[in-house]
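**Q** Can you keep this structure in mind? I'll have questions shortly.
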Amino acid sequence: MTRLSFILLCVLPISAVQIIAADASQAAESAHRELWRRFIDKYGIMIDFADMDGNVSLPTPEECKAGKPNALGWWAPIENGAMFNGLYMDAAVNRWKRTKSAEDAAKARKLMEGLLLLNSISEVKGFVGRGVSTDGKSHYPMGSNDQTMPWFLGLWRYWESDIATAAEKTRIAKHLVETAEEVVRLGWQMPAEEPFKVRGSFNGFHFEEAARMLFTMKMLHRVTGDEKWRTMYLAELEKRGGEKQLSKREICVGGMVFWYSRNHNWTSCAAVGGLRGLWELETDAALKADFAQGLVASAKLATEWLSLAQQFDNADTSRFEMDWRVMNAEWKPQQTEHEAVALAQAQLKNFMKLAPRRGKETAFIREPTAAAWIVTLLPDAALLQQHAAEVEQVIAHYDYTKLYYSQFFWVEMAWERLRQQDIR
């Protein structure tokens, strides 16, 4: 238990904790309204940012083809559609389980159709796009491992739910199998369009790579019943590598680890979601216990970043800068992933000087809200209870009607998981 959660549970009177929960309930509902009012496009795909009326200028087909502002689509409003849709499906499905309403089922179905669309917009087999342009098809030429893992996770969550019809399950399974088969053919790299060919991988010995690959294999065995996926999964568990020569099973026991920056809950959370999926799907008691241990370790690390939420000032009026095209002043053609990344990083460095509000929302909203969801993936309800008040403080902190980025959607995911566990 973190120090803050201990204080909340042991010092605050029960009535104060109940007030926090009530505030979190209202805040989560506000977040839900804003997401569906401003950030889900007509194709059922979550966009990255919009103004307070839901207005945003999408990249044109010509800009996507040219790779503007960059070929990765970084910092554009359609940067993270596959990632955000796939993750947010967790909230959509759990909300429907709670309400059983036709409206909530329709919302989950719309997200599912958006995910399938993103796998249908390219002639490159197995390609998972980030988002779509004004024509509902044009897109940037590179996805990523960070986009594809949530895509797998979200479609699996929908496939497992009672919302999915038999026909939908068949469609989803076809997309999952074809994409996974191509990823495997490419050595667990993600397909990309010319001239880039691939971008990102599930193959390696960081926690994120191990959890992503193992989940994909286990999930495909569940969806297809094909024993080849189970055979691959069992063999992969025991493979060793990395600096410490750990097996992938041991890496999962250790849980989430930050390695490319001081924290990155927002990109690591998909792997933790995959680890939760492994725990749910696993029937071997010893393996299931190992995955549970990894979830506990991940939640422990995530709790260290929940307090970042309190650093966000809801009254902040610093500039967000909706006109992302100012970055095109630095644009130049890109023929390799390295060139695209270098351009995007240079663009961001200068853009943040014009748009300080962006950095505040990513640092003090995106990180702690993603961390909050990671905590609620704990399989032990009693352990989750110890952190509930702290998570609810994060959820209750923000005024969602005044946020430009959609990257607060994790609060609804965390809230629905708290409700699922009957924490309050």
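Going through the structure tokens in order, the chains are called A, B, and so on, while each chain numbers its residues from 1 and the ligands are numbered from 1 in the order shown.
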Report as a Markdown table: every residue of segment 147-178 of chain A with an atom at most 9 Å from segment 91-99 of chain A, its closest pair of atoms, and their distance in Å to one decimal, counting only C-alpha atoms, with rows sorted by chain and ascending residue number.

**A**
| residue | atom | partner | partner_atom | distance |
| --- | --- | --- | --- | --- |
| A:Arg157 | CA | A:Val93 | CA | 7.3 |
| A:Tyr158 | CA | A:Val93 | CA | 6.8 |
| A:Ser161 | CA | A:Val93 | CA | 7.0 |
| A:Asp162 | CA | A:Lys97 | CA | 8.7 |
| A:Ile163 | CA | A:Val93 | CA | 8.0 |

**Q** With N, CA, C and O atoms retained, write the just-selected residues as a PDB file, in the first residue's frame.

**A**
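Below you can see result-v7.pdb, which holds the result:
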ATOM      1  N   ARG A 157     -11.521  -8.597 -26.079  1.00  0.00           N
ATOM      2  CA  ARG A 157     -12.480  -8.256 -25.024  1.00  0.00           C
ATOM      3  C   ARG A 157     -13.907  -8.272 -25.579  1.00  0.00           C
ATOM      4  O   ARG A 157     -14.835  -8.776 -24.942  1.00  0.00           O
ATOM      5  N   TYR A 158     -14.092  -7.705 -26.746  1.00  0.00           N
ATOM      6  CA  TYR A 158     -15.428  -7.694 -27.352  1.00  0.00           C
ATOM      7  C   TYR A 158     -15.834  -9.120 -27.721  1.00  0.00           C
ATOM      8  O   TYR A 158     -16.980  -9.535 -27.475  1.00  0.00           O
ATOM      9  N   SER A 161     -17.145 -11.029 -24.853  1.00  0.00           N
ATOM     10  CA  SER A 161     -18.343 -10.501 -24.194  1.00  0.00           C
ATOM     11  C   SER A 161     -19.610 -11.097 -24.790  1.00  0.00           C
ATOM     12  O   SER A 161     -19.626 -11.612 -25.908  1.00  0.00           O
ATOM     13  N   ASP A 162     -20.695 -10.982 -24.032  1.00  0.00           N
ATOM     14  CA  ASP A 162     -21.995 -11.445 -24.516  1.00  0.00           C
ATOM     15  C   ASP A 162     -22.630 -10.465 -25.493  1.00  0.00           C
ATOM     16  O   ASP A 162     -23.716 -10.728 -26.010  1.00  0.00           O
ATOM     17  N   ILE A 163     -21.975  -9.342 -25.726  1.00  0.00           N
ATOM     18  CA  ILE A 163     -22.470  -8.403 -26.735  1.00  0.00           C
ATOM     19  C   ILE A 163     -22.291  -8.993 -28.121  1.00  0.00           C
ATOM     20  O   ILE A 163     -23.137  -8.842 -29.008  1.00  0.00           O
TER      21      ILE A 163
END

**Q** Can you pull out every residue within 7 Å of segment 60-73 of chain A, counting only C-alpha atoms, but drop anything in the same chain fewer than 3 positions away, and send it as a list in words?

**A**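 So, after excluding close chain neighbours, the residues are Ala76, Ile78, Glu79, Ser133, Thr134, Ser138, His139, Tyr140, Pro141, Met142, Arg325, Met327, Asn328, Trp331, Ala340, Leu343 and Ala344 of chain A.
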
**Q** Residues of segment 143-338 of chain A in strand (DSSP E or B) according to DSSP, as a ChimeraX atom specification?

**A** /A:189-191,198-201,240-241,246-247

**Q** Hey, can you spit out that residue selection with N, CA and C atoms as a compact mmCIF listing (two decimals), in the first residue's frame?

**A**
# COMPACT_ATOMS: atom_id res chain seq x y z
N GLN A 189 7.16 -8.69 -36.18
CA GLN A 189 7.17 -7.26 -36.47
C GLN A 189 5.82 -6.86 -37.06
N MET A 190 5.48 -5.57 -36.88
CA MET A 190 4.20 -5.07 -37.35
C MET A 190 4.30 -4.63 -38.81
N PRO A 191 3.38 -5.08 -39.66
CA PRO A 191 3.42 -4.67 -41.07
C PRO A 191 3.22 -3.16 -41.23
N VAL A 198 7.96 -2.39 -42.18
CA VAL A 198 7.59 -2.83 -40.83
C VAL A 198 7.88 -1.70 -39.85
N ARG A 199 7.20 -1.79 -38.70
CA ARG A 199 7.55 -0.87 -37.62
C ARG A 199 7.08 -1.44 -36.28
N GLY A 200 8.04 -1.65 -35.38
CA GLY A 200 7.73 -2.15 -34.06
C GLY A 200 7.68 -3.67 -34.02
N SER A 201 7.89 -4.23 -32.82
CA SER A 201 7.97 -5.68 -32.68
C SER A 201 7.46 -6.13 -31.33
N ARG A 240 14.76 -17.77 -22.92
CA ARG A 240 15.53 -16.86 -22.08
C ARG A 240 16.31 -15.86 -22.92
N GLY A 241 16.53 -14.68 -22.34
CA GLY A 241 17.30 -13.66 -23.04
C GLY A 241 17.37 -12.39 -22.23
N LEU A 246 16.67 -13.95 -18.23
CA LEU A 246 15.43 -14.43 -17.62
C LEU A 246 14.55 -15.07 -18.68
N SER A 247 13.74 -16.02 -18.23
CA SER A 247 12.72 -16.57 -19.13
C SER A 247 11.59 -15.57 -19.25

**Q** Extract, using only C-alpha atoms, all DNA, RNA and protein residues at most 10 Å from Gly44 of chain A, discarding same-chain residues fewer than 2 positions from it, and format them as number ranges by chain.

**A** A: 36, 39-42, 46-47, 81, 85, 107-115, 117

**Q** Next, dump the selected residues to file, keeping only C-alpha atoms, as a compact mmCIF listing (two decimals), in the first residue's frame.

**A**
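In the end it all went to selection-v5.txt:
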# COMPACT_ATOMS: atom_id res chain seq x y z
CA TRP A 36 -18.70 10.32 -26.79
CA PHE A 39 -13.71 12.33 -29.33
CA ILE A 40 -15.34 9.36 -31.10
CA ASP A 41 -15.48 10.06 -34.83
CA LYS A 42 -18.23 8.93 -37.18
CA MET A 46 -11.21 7.75 -30.94
CA ILE A 47 -9.27 10.83 -32.03
CA GLY A 81 -6.96 5.41 -32.88
CA ASN A 85 -10.06 2.21 -29.18
CA LYS A 107 -21.25 1.99 -28.18
CA ALA A 108 -19.07 -1.09 -27.67
CA ARG A 109 -20.13 -2.35 -31.11
CA LYS A 110 -19.19 0.99 -32.68
CA LEU A 111 -15.71 0.78 -31.17
CA MET A 112 -15.38 -2.77 -32.48
CA GLU A 113 -16.34 -1.70 -36.00
CA GLY A 114 -13.77 1.08 -35.77
CA LEU A 115 -11.09 -1.44 -34.88
CA LEU A 117 -12.00 -0.69 -40.13

**Q** Just checking: using only C-alpha atoms, which residue out of A:Val177, A:Ala102, A:Leu301, A:Met217 ends up closest to Gly255 of chain A?

**A**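 Once distances to Gly255 of chain A are computed over only C-alpha atoms, the minimum belongs to A:Leu301.
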
**Q** Would you mind listing what lies within 8 Å of Gly54 of chain A as a PyMOL selection string, with only C-alpha atoms counted and same-chain residues fewer than 4 positions away left out?

**A** chain A and resi 37-39+50

**Q** Can I get the selected residues back with C-alpha atoms, as an mmCIF file, in the first residue's frame?

**A**
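File written: again20.cif
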data_model
loop_
_atom_site.group_PDB
_atom_site.id
_atom_site.type_symbol
_atom_site.label_atom_id
_atom_site.label_comp_id
_atom_site.auth_asym_id
_atom_site.auth_seq_id
_atom_site.Cartn_x
_atom_site.Cartn_y
_atom_site.Cartn_z
ATOM 1 C CA ARG A 37 -19.576 13.960 -27.395
ATOM 2 C CA ARG A 38 -16.200 15.108 -28.676
ATOM 3 C CA PHE A 39 -13.709 12.325 -29.325
ATOM 4 C CA ALA A 50 -10.550 18.329 -30.131
#

**Q** Just the helix (DSSP H, G or I) stuff from segment 53-162 of chain A, please, per backbone DSSP, written as a ChimeraX atom specification.

**A** /A:61-66,81-99,102-118,145-160

**Q** One decimal, in Å: what's the spacing between atom CA of Phe152 of chain A and atom CA of Ala271 of chain A?

**A**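 These two atoms are separated by 11.1 Å.
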
**Q** Considering only C-alpha atoms, state which residue in the set A:Trp74, A:Phe312, A:Arg249, A:Ala235 is at the smallest distance from Ala286 of chain A.

**A**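 Counting only C-alpha atoms, the residue closest to Ala286 of chain A is A:Arg249.
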
**Q** Would you pick out the contacts of Ala309 of chain A at 7 Å or less, using only C-alpha atoms, so that residues sharing its chain but fewer than 2 positions from it are not included, and give the list as a list in words?

**A**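 After dropping sequence-adjacent residues, the list is Leu306, Ser307, Gln311, Phe312, Phe364, Ile365, Pro368 and Val394 of chain A.
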